[in-house]
>>> print(open('final-v3.cif').read())   # mmCIF, C-alpha atoms and all ligand atoms
data_run
#
loop_
_atom_site.group_PDB
_atom_site.id
_atom_site.type_symbol
_atom_site.label_atom_id
_atom_site.label_comp_id
_atom_site.auth_asym_id
_atom_site.auth_seq_id
_atom_site.Cartn_x
_atom_site.Cartn_y
_atom_site.Cartn_z
ATOM 1 C CA ILE J 159 -128.700 -50.991 -119.597
ATOM 2 C CA GLY J 160 -125.473 -49.232 -118.612
ATOM 3 C CA LEU J 161 -122.809 -48.115 -121.044
ATOM 4 C CA LYS J 162 -120.322 -50.655 -122.304
ATOM 5 C CA GLY J 163 -116.954 -50.269 -120.518
ATOM 6 C CA CYS J 164 -115.951 -46.922 -118.964
ATOM 7 C CA ARG J 165 -116.182 -48.433 -115.518
ATOM 8 C CA LYS J 166 -114.847 -45.908 -113.024
ATOM 9 C CA ILE J 167 -113.087 -47.977 -110.369
ATOM 10 C CA ARG J 168 -111.636 -47.203 -106.952
ATOM 11 C CA GLY J 169 -110.418 -48.746 -103.702
ATOM 12 C CA SER J 170 -110.840 -52.503 -103.530
ATOM 13 C CA GLN J 171 -111.914 -52.697 -107.185
ATOM 14 C CA ILE J 172 -108.499 -51.387 -108.177
ATOM 15 C CA ARG J 173 -106.830 -53.811 -105.771
ATOM 16 C CA HIS J 174 -108.631 -56.780 -107.312
ATOM 17 C CA LEU J 175 -107.684 -55.697 -110.815
ATOM 18 C CA LEU J 176 -104.003 -55.223 -109.882
ATOM 19 C CA GLU J 177 -103.950 -58.639 -108.227
ATOM 20 C CA ALA J 178 -105.545 -60.251 -111.266
ATOM 21 C CA LYS J 179 -102.998 -58.942 -113.772
ATOM 22 C CA ASP J 180 -99.388 -60.019 -114.162
ATOM 23 C CA PHE J 181 -98.372 -57.494 -116.822
ATOM 24 C CA PHE J 182 -98.870 -53.737 -117.034
ATOM 25 C CA LEU J 183 -98.314 -51.736 -120.196
ATOM 26 C CA PHE J 184 -98.017 -48.022 -119.525
ATOM 27 C CA ASP J 185 -98.225 -45.259 -122.076
ATOM 28 C CA CYS J 186 -95.757 -42.541 -121.023
ATOM 29 C CA ASP J 187 -96.820 -38.960 -121.702
ATOM 30 C CA GLY J 188 -100.053 -38.207 -119.884
ATOM 31 C CA VAL J 189 -99.908 -41.371 -117.758
ATOM 32 C CA ILE J 190 -96.599 -41.432 -115.900
ATOM 33 C CA TRP J 191 -95.298 -37.975 -116.760
ATOM 34 C CA HIS J 192 -96.115 -34.701 -118.453
ATOM 35 C CA GLY J 193 -93.035 -33.730 -120.425
ATOM 36 C CA GLU J 194 -90.294 -33.360 -117.820
ATOM 37 C CA LYS J 195 -92.496 -33.714 -114.752
ATOM 38 C CA ALA J 196 -93.554 -37.024 -113.204
ATOM 39 C CA ILE J 197 -97.246 -37.357 -112.444
ATOM 40 C CA THR J 198 -97.609 -37.221 -108.679
ATOM 41 C CA GLY J 199 -97.449 -40.742 -107.233
ATOM 42 C CA ALA J 200 -96.566 -42.405 -110.544
ATOM 43 C CA PRO J 201 -92.957 -43.277 -109.629
ATOM 44 C CA ASN J 202 -94.193 -44.939 -106.451
ATOM 45 C CA VAL J 203 -96.791 -46.949 -108.400
ATOM 46 C CA VAL J 204 -94.307 -48.132 -111.026
ATOM 47 C CA ASN J 205 -91.561 -48.902 -108.489
ATOM 48 C CA THR J 206 -93.993 -50.899 -106.353
ATOM 49 C CA LEU J 207 -95.378 -52.952 -109.250
ATOM 50 C CA ILE J 208 -91.831 -53.818 -110.306
ATOM 51 C CA LYS J 209 -90.911 -54.715 -106.711
ATOM 52 C CA GLN J 210 -93.964 -56.990 -106.542
ATOM 53 C CA GLY J 211 -92.565 -58.895 -109.516
ATOM 54 C CA LYS J 212 -95.165 -57.731 -112.019
ATOM 55 C CA GLY J 213 -94.072 -57.395 -115.640
ATOM 56 C CA VAL J 214 -94.018 -53.666 -116.380
ATOM 57 C CA PHE J 215 -93.574 -52.311 -119.915
ATOM 58 C CA PHE J 216 -93.648 -48.826 -121.398
ATOM 59 C CA VAL J 217 -95.196 -48.273 -124.807
ATOM 60 C CA THR J 218 -94.603 -44.789 -126.163
ATOM 61 C CA ASN J 219 -95.247 -43.318 -129.594
ATOM 62 C CA ASN J 220 -92.581 -40.709 -128.939
ATOM 63 C CA SER J 221 -89.830 -41.505 -131.456
ATOM 64 C CA THR J 222 -87.593 -38.535 -130.717
ATOM 65 C CA ARG J 223 -85.294 -40.147 -128.144
ATOM 66 C CA PRO J 224 -83.398 -43.426 -128.131
ATOM 67 C CA ARG J 225 -84.227 -45.821 -125.302
ATOM 68 C CA GLU J 226 -80.999 -45.093 -123.468
ATOM 69 C CA ASN J 227 -82.166 -41.483 -123.033
ATOM 70 C CA TYR J 228 -85.434 -42.789 -121.627
ATOM 71 C CA VAL J 229 -83.555 -44.870 -119.072
ATOM 72 C CA HIS J 230 -81.952 -41.638 -117.826
ATOM 73 C CA LYS J 231 -85.263 -39.816 -117.887
ATOM 74 C CA PHE J 232 -86.981 -42.541 -115.853
ATOM 75 C CA CYS J 233 -84.177 -42.332 -113.302
ATOM 76 C CA ARG J 234 -84.203 -38.530 -113.177
ATOM 77 C CA LEU J 235 -87.964 -38.472 -112.532
ATOM 78 C CA GLY J 236 -87.788 -41.062 -109.735
ATOM 79 C CA PHE J 237 -88.629 -44.288 -111.605
ATOM 80 C CA THR J 238 -85.554 -45.975 -110.232
ATOM 81 C CA ASN J 239 -85.877 -49.604 -111.368
ATOM 82 C CA VAL J 240 -86.643 -49.256 -115.062
ATOM 83 C CA ASN J 241 -84.231 -50.736 -117.559
ATOM 84 C CA GLN J 242 -83.954 -50.441 -121.293
ATOM 85 C CA GLU J 243 -85.509 -53.840 -121.998
ATOM 86 C CA GLN J 244 -88.825 -52.632 -120.554
ATOM 87 C CA ILE J 245 -89.069 -49.676 -122.946
ATOM 88 C CA PHE J 246 -90.844 -50.138 -126.268
ATOM 89 C CA SER J 247 -90.715 -46.857 -128.162
ATOM 90 C CA SER J 248 -91.962 -46.361 -131.700
ATOM 91 C CA SER J 249 -88.417 -45.708 -132.953
ATOM 92 C CA TYR J 250 -87.061 -48.900 -131.372
ATOM 93 C CA CYS J 251 -89.970 -50.970 -132.687
ATOM 94 C CA SER J 252 -89.545 -49.430 -136.157
ATOM 95 C CA ALA J 253 -85.914 -50.538 -136.184
ATOM 96 C CA ILE J 254 -86.948 -54.057 -135.117
ATOM 97 C CA TYR J 255 -89.592 -54.124 -137.844
ATOM 98 C CA LEU J 256 -87.113 -53.107 -140.538
ATOM 99 C CA ARG J 257 -84.561 -55.636 -139.327
ATOM 100 C CA ASP J 258 -86.717 -58.670 -138.499
ATOM 101 C CA VAL J 259 -89.986 -58.331 -140.400
ATOM 102 C CA ALA J 260 -89.266 -56.346 -143.561
ATOM 103 C CA LYS J 261 -85.603 -57.504 -143.639
ATOM 104 C CA VAL J 262 -85.004 -54.475 -145.786
ATOM 105 C CA GLN J 263 -82.201 -54.845 -148.362
ATOM 106 C CA GLY J 264 -80.955 -51.330 -148.896
ATOM 107 C CA LYS J 265 -80.980 -48.046 -147.042
ATOM 108 C CA VAL J 266 -83.688 -46.335 -145.053
ATOM 109 C CA PHE J 267 -84.506 -42.703 -145.737
ATOM 110 C CA VAL J 268 -85.425 -41.167 -142.392
ATOM 111 C CA ILE J 269 -87.674 -38.221 -141.723
ATOM 112 C CA GLY J 270 -87.269 -37.907 -137.971
ATOM 113 C CA CYS J 271 -85.105 -37.055 -134.977
ATOM 114 C CA GLU J 272 -81.979 -38.594 -133.503
ATOM 115 C CA GLY J 273 -84.005 -41.234 -131.617
ATOM 116 C CA ILE J 274 -84.785 -42.992 -134.870
ATOM 117 C CA ARG J 275 -81.266 -42.885 -136.298
ATOM 118 C CA ASN J 276 -79.839 -44.066 -133.004
ATOM 119 C CA GLU J 277 -82.156 -47.104 -132.840
ATOM 120 C CA LEU J 278 -81.473 -47.960 -136.496
ATOM 121 C CA ARG J 279 -77.729 -47.879 -135.773
ATOM 122 C CA GLU J 280 -78.188 -50.140 -132.736
ATOM 123 C CA ALA J 281 -80.172 -52.601 -134.853
ATOM 124 C CA ASN J 282 -77.627 -52.479 -137.687
ATOM 125 C CA VAL J 283 -80.169 -51.179 -140.169
ATOM 126 C CA PRO J 284 -78.407 -48.929 -142.711
ATOM 127 C CA TYR J 285 -79.898 -45.518 -143.315
ATOM 128 C CA LEU J 286 -79.057 -42.622 -145.573
ATOM 129 C CA GLU J 287 -76.743 -40.199 -143.790
ATOM 130 C CA GLU J 288 -76.804 -36.833 -145.415
ATOM 131 C CA VAL J 289 -77.022 -33.188 -144.634
ATOM 132 C CA ASP J 290 -78.630 -30.994 -147.255
ATOM 133 C CA GLU J 291 -76.644 -28.027 -148.519
ATOM 134 C CA PRO J 292 -78.480 -24.732 -147.964
ATOM 135 C CA ASP J 293 -78.995 -24.296 -151.723
ATOM 136 C CA ALA J 294 -80.092 -27.897 -152.370
ATOM 137 C CA THR J 295 -83.498 -28.349 -153.965
ATOM 138 C CA ILE J 296 -85.374 -31.283 -155.454
ATOM 139 C CA TYR J 297 -84.253 -29.959 -158.886
ATOM 140 C CA ASN J 298 -80.536 -30.168 -158.205
ATOM 141 C CA CYS J 299 -79.969 -32.733 -155.421
ATOM 142 C CA ALA J 300 -78.659 -36.255 -155.930
ATOM 143 C CA LEU J 301 -81.097 -39.105 -155.260
ATOM 144 C CA PRO J 302 -79.395 -42.371 -154.326
ATOM 145 C CA THR J 303 -80.900 -45.491 -155.869
ATOM 146 C CA ASP J 304 -80.350 -47.871 -152.937
ATOM 147 C CA VAL J 305 -83.140 -46.506 -150.704
ATOM 148 C CA LYS J 306 -85.581 -49.341 -149.993
ATOM 149 C CA ALA J 307 -87.638 -47.836 -147.168
ATOM 150 C CA VAL J 308 -88.901 -44.453 -146.028
ATOM 151 C CA LEU J 309 -89.499 -44.119 -142.295
ATOM 152 C CA VAL J 310 -91.425 -41.063 -141.087
ATOM 153 C CA GLY J 311 -91.434 -39.936 -137.471
ATOM 154 C CA HIS J 312 -91.594 -36.703 -135.531
ATOM 155 C CA ASP J 313 -89.169 -34.265 -137.157
ATOM 156 C CA ASP J 314 -88.694 -30.726 -135.875
ATOM 157 C CA GLN J 315 -86.292 -30.097 -138.786
ATOM 158 C CA PHE J 316 -88.843 -31.163 -141.381
ATOM 159 C CA THR J 317 -88.348 -29.466 -144.751
ATOM 160 C CA PHE J 318 -90.036 -29.376 -148.121
ATOM 161 C CA LEU J 319 -86.916 -30.980 -149.565
ATOM 162 C CA LYS J 320 -87.217 -33.986 -147.239
ATOM 163 C CA LEU J 321 -90.851 -34.361 -148.250
ATOM 164 C CA ALA J 322 -89.939 -34.098 -151.939
ATOM 165 C CA LYS J 323 -87.106 -36.626 -151.684
ATOM 166 C CA ALA J 324 -89.230 -39.120 -149.754
ATOM 167 C CA SER J 325 -91.973 -38.760 -152.383
ATOM 168 C CA CYS J 326 -89.456 -39.604 -155.116
ATOM 169 C CA PHE J 327 -88.148 -42.675 -153.263
ATOM 170 C CA LEU J 328 -91.709 -43.908 -152.775
ATOM 171 C CA LYS J 329 -92.366 -43.840 -156.526
ATOM 172 C CA ASP J 330 -90.567 -47.195 -156.434
ATOM 173 C CA PRO J 331 -93.286 -49.697 -155.401
ATOM 174 C CA ASP J 332 -90.579 -51.854 -153.763
ATOM 175 C CA CYS J 333 -89.658 -49.027 -151.430
ATOM 176 C CA LEU J 334 -91.414 -49.594 -148.082
ATOM 177 C CA PHE J 335 -93.423 -46.786 -146.500
ATOM 178 C CA LEU J 336 -93.371 -46.854 -142.689
ATOM 179 C CA ALA J 337 -94.382 -44.388 -139.994
ATOM 180 C CA THR J 338 -93.341 -44.567 -136.342
ATOM 181 C CA ASP J 339 -96.844 -43.457 -135.335
ATOM 182 C CA ASN J 340 -99.808 -41.551 -136.635
ATOM 183 C CA ASP J 341 -100.414 -39.181 -133.711
ATOM 184 C CA PRO J 342 -102.161 -35.998 -134.897
ATOM 185 C CA TRP J 343 -100.849 -33.584 -132.235
ATOM 186 C CA HIS J 344 -99.578 -33.398 -128.660
ATOM 187 C CA PRO J 345 -100.581 -30.989 -125.931
ATOM 188 C CA LEU J 346 -98.087 -28.392 -124.720
ATOM 189 C CA LYS J 347 -98.417 -25.963 -121.853
ATOM 190 C CA ASP J 348 -100.715 -22.942 -122.137
ATOM 191 C CA GLY J 349 -103.036 -24.589 -124.654
ATOM 192 C CA ARG J 350 -100.445 -24.740 -127.398
ATOM 193 C CA ILE J 351 -100.068 -27.889 -129.457
ATOM 194 C CA LEU J 352 -97.214 -29.691 -131.139
ATOM 195 C CA PRO J 353 -98.210 -31.188 -134.515
ATOM 196 C CA GLY J 354 -97.536 -34.932 -134.455
ATOM 197 C CA SER J 355 -95.871 -37.185 -137.002
ATOM 198 C CA GLY J 356 -99.307 -38.063 -138.357
ATOM 199 C CA CYS J 357 -99.253 -34.697 -140.146
ATOM 200 C CA LEU J 358 -95.969 -35.473 -141.871
ATOM 201 C CA THR J 359 -97.139 -38.961 -142.818
ATOM 202 C CA ALA J 360 -100.351 -37.479 -144.209
ATOM 203 C CA ALA J 361 -98.376 -35.060 -146.402
ATOM 204 C CA LEU J 362 -96.410 -37.957 -147.857
ATOM 205 C CA GLU J 363 -99.517 -40.079 -148.317
ATOM 206 C CA VAL J 364 -101.097 -37.304 -150.369
ATOM 207 C CA ALA J 365 -97.972 -36.826 -152.477
ATOM 208 C CA THR J 366 -97.600 -40.536 -153.236
ATOM 209 C CA GLY J 367 -101.140 -41.922 -153.165
ATOM 210 C CA ARG J 368 -99.782 -44.618 -150.816
ATOM 211 C CA LYS J 369 -100.644 -45.557 -147.236
ATOM 212 C CA ALA J 370 -97.946 -45.863 -144.590
ATOM 213 C CA THR J 371 -97.596 -48.942 -142.401
ATOM 214 C CA ILE J 372 -97.916 -47.667 -138.832
ATOM 215 C CA ILE J 373 -95.553 -49.239 -136.291
ATOM 216 C CA GLY J 374 -96.589 -47.537 -133.025
ATOM 217 C CA LYS J 375 -99.927 -47.564 -131.213
ATOM 218 C CA PRO J 376 -102.680 -48.386 -132.193
ATOM 219 C CA SER J 377 -100.967 -50.981 -134.416
ATOM 220 C CA ARG J 378 -100.362 -54.356 -132.746
ATOM 221 C CA PHE J 379 -96.655 -54.483 -133.546
ATOM 222 C CA MET J 380 -95.428 -53.061 -130.219
ATOM 223 C CA PHE J 381 -97.232 -55.831 -128.387
ATOM 224 C CA GLU J 382 -95.706 -58.404 -130.733
ATOM 225 C CA CYS J 383 -92.278 -56.993 -129.835
ATOM 226 C CA ILE J 384 -93.053 -57.393 -126.135
ATOM 227 C CA SER J 385 -94.423 -60.919 -126.409
ATOM 228 C CA SER J 386 -91.529 -62.060 -128.579
ATOM 229 C CA GLN J 387 -88.983 -60.768 -126.051
ATOM 230 C CA PHE J 388 -90.660 -61.875 -122.818
ATOM 231 C CA THR J 389 -92.125 -65.295 -122.209
ATOM 232 C CA GLY J 390 -95.636 -65.852 -120.936
ATOM 233 C CA VAL J 391 -97.089 -62.460 -121.825
ATOM 234 C CA ASP J 392 -100.649 -63.691 -122.221
ATOM 235 C CA PRO J 393 -103.002 -60.891 -123.361
ATOM 236 C CA ALA J 394 -105.550 -61.990 -120.767
ATOM 237 C CA GLN J 395 -102.980 -61.258 -118.032
ATOM 238 C CA CYS J 396 -102.223 -57.727 -119.283
ATOM 239 C CA LEU J 397 -103.617 -54.298 -118.503
ATOM 240 C CA MET J 398 -102.963 -51.445 -120.948
ATOM 241 C CA VAL J 399 -103.020 -48.042 -119.236
ATOM 242 C CA GLY J 400 -103.203 -44.927 -121.395
ATOM 243 C CA ASP J 401 -104.555 -41.415 -121.779
ATOM 244 C CA ARG J 402 -105.617 -41.271 -125.442
ATOM 245 C CA LEU J 403 -108.617 -43.260 -126.613
ATOM 246 C CA GLU J 404 -107.665 -43.266 -130.314
ATOM 247 C CA THR J 405 -104.179 -44.654 -129.732
ATOM 248 C CA ASP J 406 -103.932 -46.385 -126.351
ATOM 249 C CA MET J 407 -107.404 -47.862 -125.899
ATOM 250 C CA LEU J 408 -107.555 -48.934 -129.546
ATOM 251 C CA PHE J 409 -104.082 -50.477 -129.203
ATOM 252 C CA GLY J 410 -105.189 -52.447 -126.154
ATOM 253 C CA SER J 411 -108.308 -53.665 -127.867
ATOM 254 C CA ASN J 412 -106.411 -54.523 -131.072
ATOM 255 C CA CYS J 413 -104.089 -56.698 -128.967
ATOM 256 C CA GLY J 414 -106.833 -58.311 -126.896
ATOM 257 C CA LEU J 415 -105.828 -56.552 -123.642
ATOM 258 C CA GLU J 416 -108.079 -55.044 -121.020
ATOM 259 C CA THR J 417 -107.717 -51.272 -121.052
ATOM 260 C CA MET J 418 -107.680 -48.477 -118.518
ATOM 261 C CA LEU J 419 -108.046 -44.768 -119.251
ATOM 262 C CA THR J 420 -106.379 -42.402 -116.822
ATOM 263 C CA LEU J 421 -107.743 -38.875 -116.784
ATOM 264 C CA THR J 422 -104.360 -37.138 -116.319
ATOM 265 C CA GLY J 423 -103.840 -36.737 -120.061
ATOM 266 C CA ILE J 424 -105.664 -36.045 -123.295
ATOM 267 C CA SER J 425 -108.991 -37.900 -123.305
ATOM 268 C CA GLN J 426 -111.722 -37.234 -120.790
ATOM 269 C CA MET J 427 -114.652 -39.288 -119.480
ATOM 270 C CA GLU J 428 -117.202 -37.546 -121.733
ATOM 271 C CA GLU J 429 -115.345 -38.601 -124.894
ATOM 272 C CA ALA J 430 -115.067 -42.187 -123.660
ATOM 273 C CA GLU J 431 -118.795 -42.257 -122.925
ATOM 274 C CA GLU J 432 -119.532 -40.779 -126.327
ATOM 275 C CA TYR J 433 -117.608 -43.615 -128.024
ATOM 276 C CA SER J 434 -119.406 -46.074 -125.778
ATOM 277 C CA ARG J 435 -122.798 -44.755 -126.922
ATOM 278 C CA SER J 436 -121.887 -44.656 -130.613
ATOM 279 C CA GLU J 437 -119.780 -47.787 -131.151
ATOM 280 C CA GLN J 438 -121.690 -50.377 -133.125
ATOM 281 C CA SER J 439 -119.201 -53.236 -133.075
ATOM 282 C CA ASN J 440 -116.092 -54.291 -131.251
ATOM 283 C CA GLU J 441 -113.978 -53.938 -134.358
ATOM 284 C CA GLN J 442 -112.568 -50.469 -133.633
ATOM 285 C CA CYS J 443 -112.878 -50.184 -129.889
ATOM 286 C CA PHE J 444 -111.953 -46.827 -128.344
ATOM 287 C CA VAL J 445 -113.845 -47.503 -125.126
ATOM 288 C CA PRO J 446 -111.749 -48.244 -122.031
ATOM 289 C CA ASP J 447 -112.781 -51.124 -119.802
ATOM 290 C CA TYR J 448 -111.797 -49.111 -116.710
ATOM 291 C CA VAL J 449 -111.297 -45.448 -115.846
ATOM 292 C CA VAL J 450 -109.282 -43.885 -112.998
ATOM 293 C CA ASP J 451 -108.528 -40.224 -112.256
ATOM 294 C CA THR J 452 -104.798 -40.948 -112.030
ATOM 295 C CA ILE J 453 -102.589 -44.005 -111.607
ATOM 296 C CA ALA J 454 -101.809 -42.622 -108.151
ATOM 297 C CA ASP J 455 -105.208 -44.157 -107.297
ATOM 298 C CA PHE J 456 -103.343 -47.490 -107.316
ATOM 299 C CA LEU J 457 -101.382 -46.518 -104.188
ATOM 300 C CA PRO J 458 -103.982 -47.390 -101.520
ATOM 301 C CA ALA J 459 -104.268 -50.847 -103.119
ATOM 302 C CA PHE J 460 -100.649 -51.544 -102.141
ATOM 303 C CA GLU J 461 -101.323 -50.900 -98.458
ATOM 304 C CA GLU J 462 -102.401 -53.775 -96.297
HETATM 305 N N1 LIG J 501 -94.499 -38.050 -130.101
HETATM 306 C C1 LIG J 501 -94.042 -36.882 -129.644
HETATM 307 C C2 LIG J 501 -93.123 -36.077 -130.487
HETATM 308 C C3 LIG J 501 -94.441 -36.404 -128.387
HETATM 309 O O1 LIG J 501 -93.982 -35.220 -127.942
HETATM 310 C C4 LIG J 501 -95.326 -37.192 -127.604
HETATM 311 C C5 LIG J 501 -95.765 -36.740 -126.291
HETATM 312 O O2 LIG J 501 -95.261 -35.825 -125.696
HETATM 313 C C6 LIG J 501 -95.772 -38.407 -128.119
HETATM 314 C C7 LIG J 501 -95.339 -38.807 -129.365
HETATM 315 C C8 LIG J 501 -96.730 -39.287 -127.379
HETATM 316 O O3 LIG J 501 -96.064 -40.067 -126.441
HETATM 317 P P1 LIG J 501 -96.867 -41.167 -125.616
HETATM 318 O O4 LIG J 501 -97.216 -42.276 -126.573
HETATM 319 O O5 LIG J 501 -95.888 -41.591 -124.553
HETATM 320 O O6 LIG J 501 -98.058 -40.488 -125.043
HETATM 321 CA CA CA J 502 -99.964 -40.593 -123.957
#
>>> encode(input="final-v3.cif", output="structure tokens", more="lines below")
Ligand code: PLP
Ligand code: CA
Amino acid sequence: IGLKGCRKIRGSQIRHLLEAKDFFLFDCDGVIWHGEKAITGAPNVVNTLIKQGKGVFFVTNNSTRPRENYVHKFCRLGFTNVNQEQIFSSSYCSAIYLRDVAKVQGKVFVIGCEGIRNELREANVPYLEEVDEPDATIYNCALPTDVKAVLVGHDDQFTFLKLAKASCFLKDPDCLFLATDNDPWHPLKDGRILPGSGCLTAALEVATGRKATIIGKPSRFMFECISSQFTGVDPAQCLMVGDRLETDMLFGSNCGLETMLTLTGISQMEEAEEYSRSEQSNEQCFVPDYVVDTIADFLPAFEE
């Protein structure tokens, strides 16, 4: 018996799959670009799918930028037909969650970058605006009493004081604990890594004994945002394309979507096959249905 999933597809197999699906969900980093560089052929693939009338969505755990910055980035890198409504970032979805699901009554304490604050502003979700004095500590700082949620995302200005304040707010059991995503790390050039927001969330989980609600992949909420904003997004008609098994493939499987791993990013075929050998049930599925070297392998399928 062959391994479950992990089907490496090419040529006409890709064409049949693209014809069969009406909606494509693309992870961003590692699938369509690496940092500031588009993956060769990716703009052509995305532009063509959009031109064909397919529903194309972007699901990114990167919370650092607001969606309007992404619109510019897409344009700059040659993805010329992408608009803001197609972009589902973890900061945008966190703002939607706070507004529409949690309906939080009070302020949000943010550990994160401008992308989060910007999306909260757009969604009219109040957050605590403050800049810590250089000599402020958890012993002498003021702690407002109207904080009803802590939202943790990627924060390159993370401090012990932010951690300490968030821990104090979370002593209140009515204060929500959310995280934009739980990514452990991200690859940089030259083998360096960037610690992900999962590390910051973990620090706060230890300090409080609580577990954060995760908004980004692999949680289903991003897909719920998509299907509530676009009609007819039937999971059976969707393909989720990603580069990380533990976020993207699990997200797809959690949402009932077929999944494709592209080998231009983090996870490689060997790891996918290892999950395929070891997975006992379908409950936590990290195994992609399909594997391609790069989404540029879609291009021949567009030629007749
Ligand atoms: N968060 C941060 C801070 C990142 O730098 C990255 C990737 O570069 C991600 C999340 C992951 O983004 P994606 O979900 O598009 O792969
Ligand atoms: Ca990725």
>>> closest_residue(input="final-v3.cif", among="J:Thr338, J:Thr366, J:Thr218, J:Gln395", to="ligand CA 502 (chain J)", atoms="only C-alpha atoms and all ligand atoms")
J:Thr218
>>> resolve_selection(input="final-v3.cif", expression="the PyMOL selection byres (((chain J and resi 260-274) around 8) and not hetatm)", output="NGL selection string")
:J and (221-225 or 249-250 or 253 or 255-259 or 275-278 or 283-286 or 304-316 or 320 or 324)
>>> residues_around(input="final-v3.cif", residues="Leu161 of chain J", least_positions_apart="4", cutoff="10 Å", atoms="all atoms listed in the file", output="mmCIF file with C-alpha atoms, in the frame of the given file")
data_model
loop_
_atom_site.group_PDB
_atom_site.id
_atom_site.type_symbol
_atom_site.label_atom_id
_atom_site.label_comp_id
_atom_site.auth_asym_id
_atom_site.auth_seq_id
_atom_site.Cartn_x
_atom_site.Cartn_y
_atom_site.Cartn_z
ATOM 1 C CA ARG J 165 -116.182 -48.433 -115.518
ATOM 2 C CA GLU J 431 -118.795 -42.257 -122.925
ATOM 3 C CA GLU J 432 -119.532 -40.779 -126.327
ATOM 4 C CA TYR J 433 -117.608 -43.615 -128.024
ATOM 5 C CA SER J 434 -119.406 -46.074 -125.778
ATOM 6 C CA ARG J 435 -122.798 -44.755 -126.922
ATOM 7 C CA VAL J 445 -113.845 -47.503 -125.126
#
>>> resolve_selection(input="final-v3.cif", expression="the PyMOL selection byres (((not hetatm)) within 9 of (chain J and resi 502))", output="list in words")
Phe184, Asp185, Cys186, Asp187, Gly188, Val189, Ile190, Trp191, His192, Thr218, Asn219, Asn220, His344, Gly400, Asp401, Arg402, Thr405, Asp406, Gly423 and Ile424 of chain J
>>> resolve_selection(input="final-v3.cif", expression="the PyMOL selection byres (((chain J and resi 450) around 8) and not hetatm)", output="PyMOL selection string")
chain J and resi 166-168+418-421+448-449+451-453+455
>>> write_last_selection(input="final-v3.cif", atoms="C-alpha atoms", output="tab-separated table (two decimals), keeping the file's coordinate frame")
chain	number	residue	atom	x	y	z
J	166	LYS	CA	-114.85	-45.91	-113.02
J	167	ILE	CA	-113.09	-47.98	-110.37
J	168	ARG	CA	-111.64	-47.20	-106.95
J	418	MET	CA	-107.68	-48.48	-118.52
J	419	LEU	CA	-108.05	-44.77	-119.25
J	420	THR	CA	-106.38	-42.40	-116.82
J	421	LEU	CA	-107.74	-38.88	-116.78
J	448	TYR	CA	-111.80	-49.11	-116.71
J	449	VAL	CA	-111.30	-45.45	-115.85
J	451	ASP	CA	-108.53	-40.22	-112.26
J	452	THR	CA	-104.80	-40.95	-112.03
J	453	ILE	CA	-102.59	-44.00	-111.61
J	455	ASP	CA	-105.21	-44.16	-107.30
>>> closest_residue(input="final-v3.cif", among="J:Val229, J:Ile372, J:Leu301, J:Cys357", to="Phe335 of chain J", atoms="all atoms listed in the file")
J:Ile372
>>> axis_aligned_box(input="final-v3.cif", around="ligand LIG 501 (chain J)", padding_each_side="5 Å", output="lines of an AutoDock Vina configuration file")
center_x = -95.6
center_y = -38.7
center_z = -127.5
size_x = 14.9
size_y = 17.1
size_z = 15.9
>>> atom_distance(input="final-v3.cif", atom1="atom CA of Ser436 of chain J", atom2="atom CA of Met380 of chain J")
27.8 Å
>>> closest_residue(input="final-v3.cif", among="J:Lys375, J:Lys323, J:Arg279, J:His174", to="Asn298 of chain J", atoms="all atoms listed in the file")
J:Lys323
>>> closest_residue(input="final-v3.cif", among="J:Leu346, J:Cys164, J:Leu175, J:Met407", to="ligand LIG 501 (chain J)", atoms="only C-alpha atoms and all ligand atoms")
J:Leu346
>>> closest_residue(input="final-v3.cif", among="J:Phe388, J:Trp343, J:Phe237, J:Phe381", to="ligand LIG 501 (chain J)", atoms="all atoms listed in the file")
J:Trp343
>>> residues_around(input="final-v3.cif", residues="Leu235 of chain J", least_positions_apart="5", cutoff="8 Å", atoms="all atoms listed in the file", output="list in words")
Glu194, Lys195, Ala196 and Pro201 of chain J
>>> residues_around(input="final-v3.cif", residues="Gly199 of chain J", least_positions_apart="3", cutoff="8 Å", atoms="only C-alpha atoms", output="VMD selection string")
chain J and resid 202 to 203 453 to 454 457
>>> closest_residue(input="final-v3.cif", among="J:Gln244, J:Gln442, J:Asn239, J:Asn412", to="Phe181 of chain J", atoms="all atoms listed in the file")
J:Gln244
>>> atom_distance(input="final-v3.cif", atom1="atom CA of Ala430 of chain J", atom2="atom CA of Cys443 of chain J")
10.4 Å
>>> atom_distance(input="final-v3.cif", atom1="atom CA of Gly354 of chain J", atom2="atom CA of Val289 of chain J")
23.0 Å
>>> residues_near_point(input="final-v3.cif", point="(-105.6, -48.7, -134.4)", cutoff="6 Å", atoms="all atoms listed in the file", output="list in words")
Pro376, Ser377, Leu408 and Phe409 of chain J
>>> decode(input="final-v3.cif", residues="segment 205-209 of chain J", atoms="N, CA and C atoms", output="PDB file, in the first residue's frame")
ATOM      1  N   ASN J 205      -2.033  35.884 -11.248  1.00  0.00           N
ATOM      2  CA  ASN J 205      -2.746  36.756 -12.188  1.00  0.00           C
ATOM      3  C   ASN J 205      -3.641  35.935 -13.112  1.00  0.00           C
ATOM      4  N   THR J 206      -3.145  34.798 -13.566  1.00  0.00           N
ATOM      5  CA  THR J 206      -3.926  33.976 -14.500  1.00  0.00           C
ATOM      6  C   THR J 206      -5.145  33.368 -13.819  1.00  0.00           C
ATOM      7  N   LEU J 207      -4.974  32.853 -12.609  1.00  0.00           N
ATOM      8  CA  LEU J 207      -6.131  32.284 -11.893  1.00  0.00           C
ATOM      9  C   LEU J 207      -7.216  33.338 -11.695  1.00  0.00           C
ATOM     10  N   ILE J 208      -6.785  34.560 -11.334  1.00  0.00           N
ATOM     11  CA  ILE J 208      -7.762  35.632 -11.129  1.00  0.00           C
ATOM     12  C   ILE J 208      -8.462  35.969 -12.452  1.00  0.00           C
ATOM     13  N   LYS J 209      -7.660  36.027 -13.537  1.00  0.00           N
ATOM     14  CA  LYS J 209      -8.231  36.326 -14.853  1.00  0.00           C
ATOM     15  C   LYS J 209      -9.235  35.262 -15.289  1.00  0.00           C
TER      16      LYS J 209
END
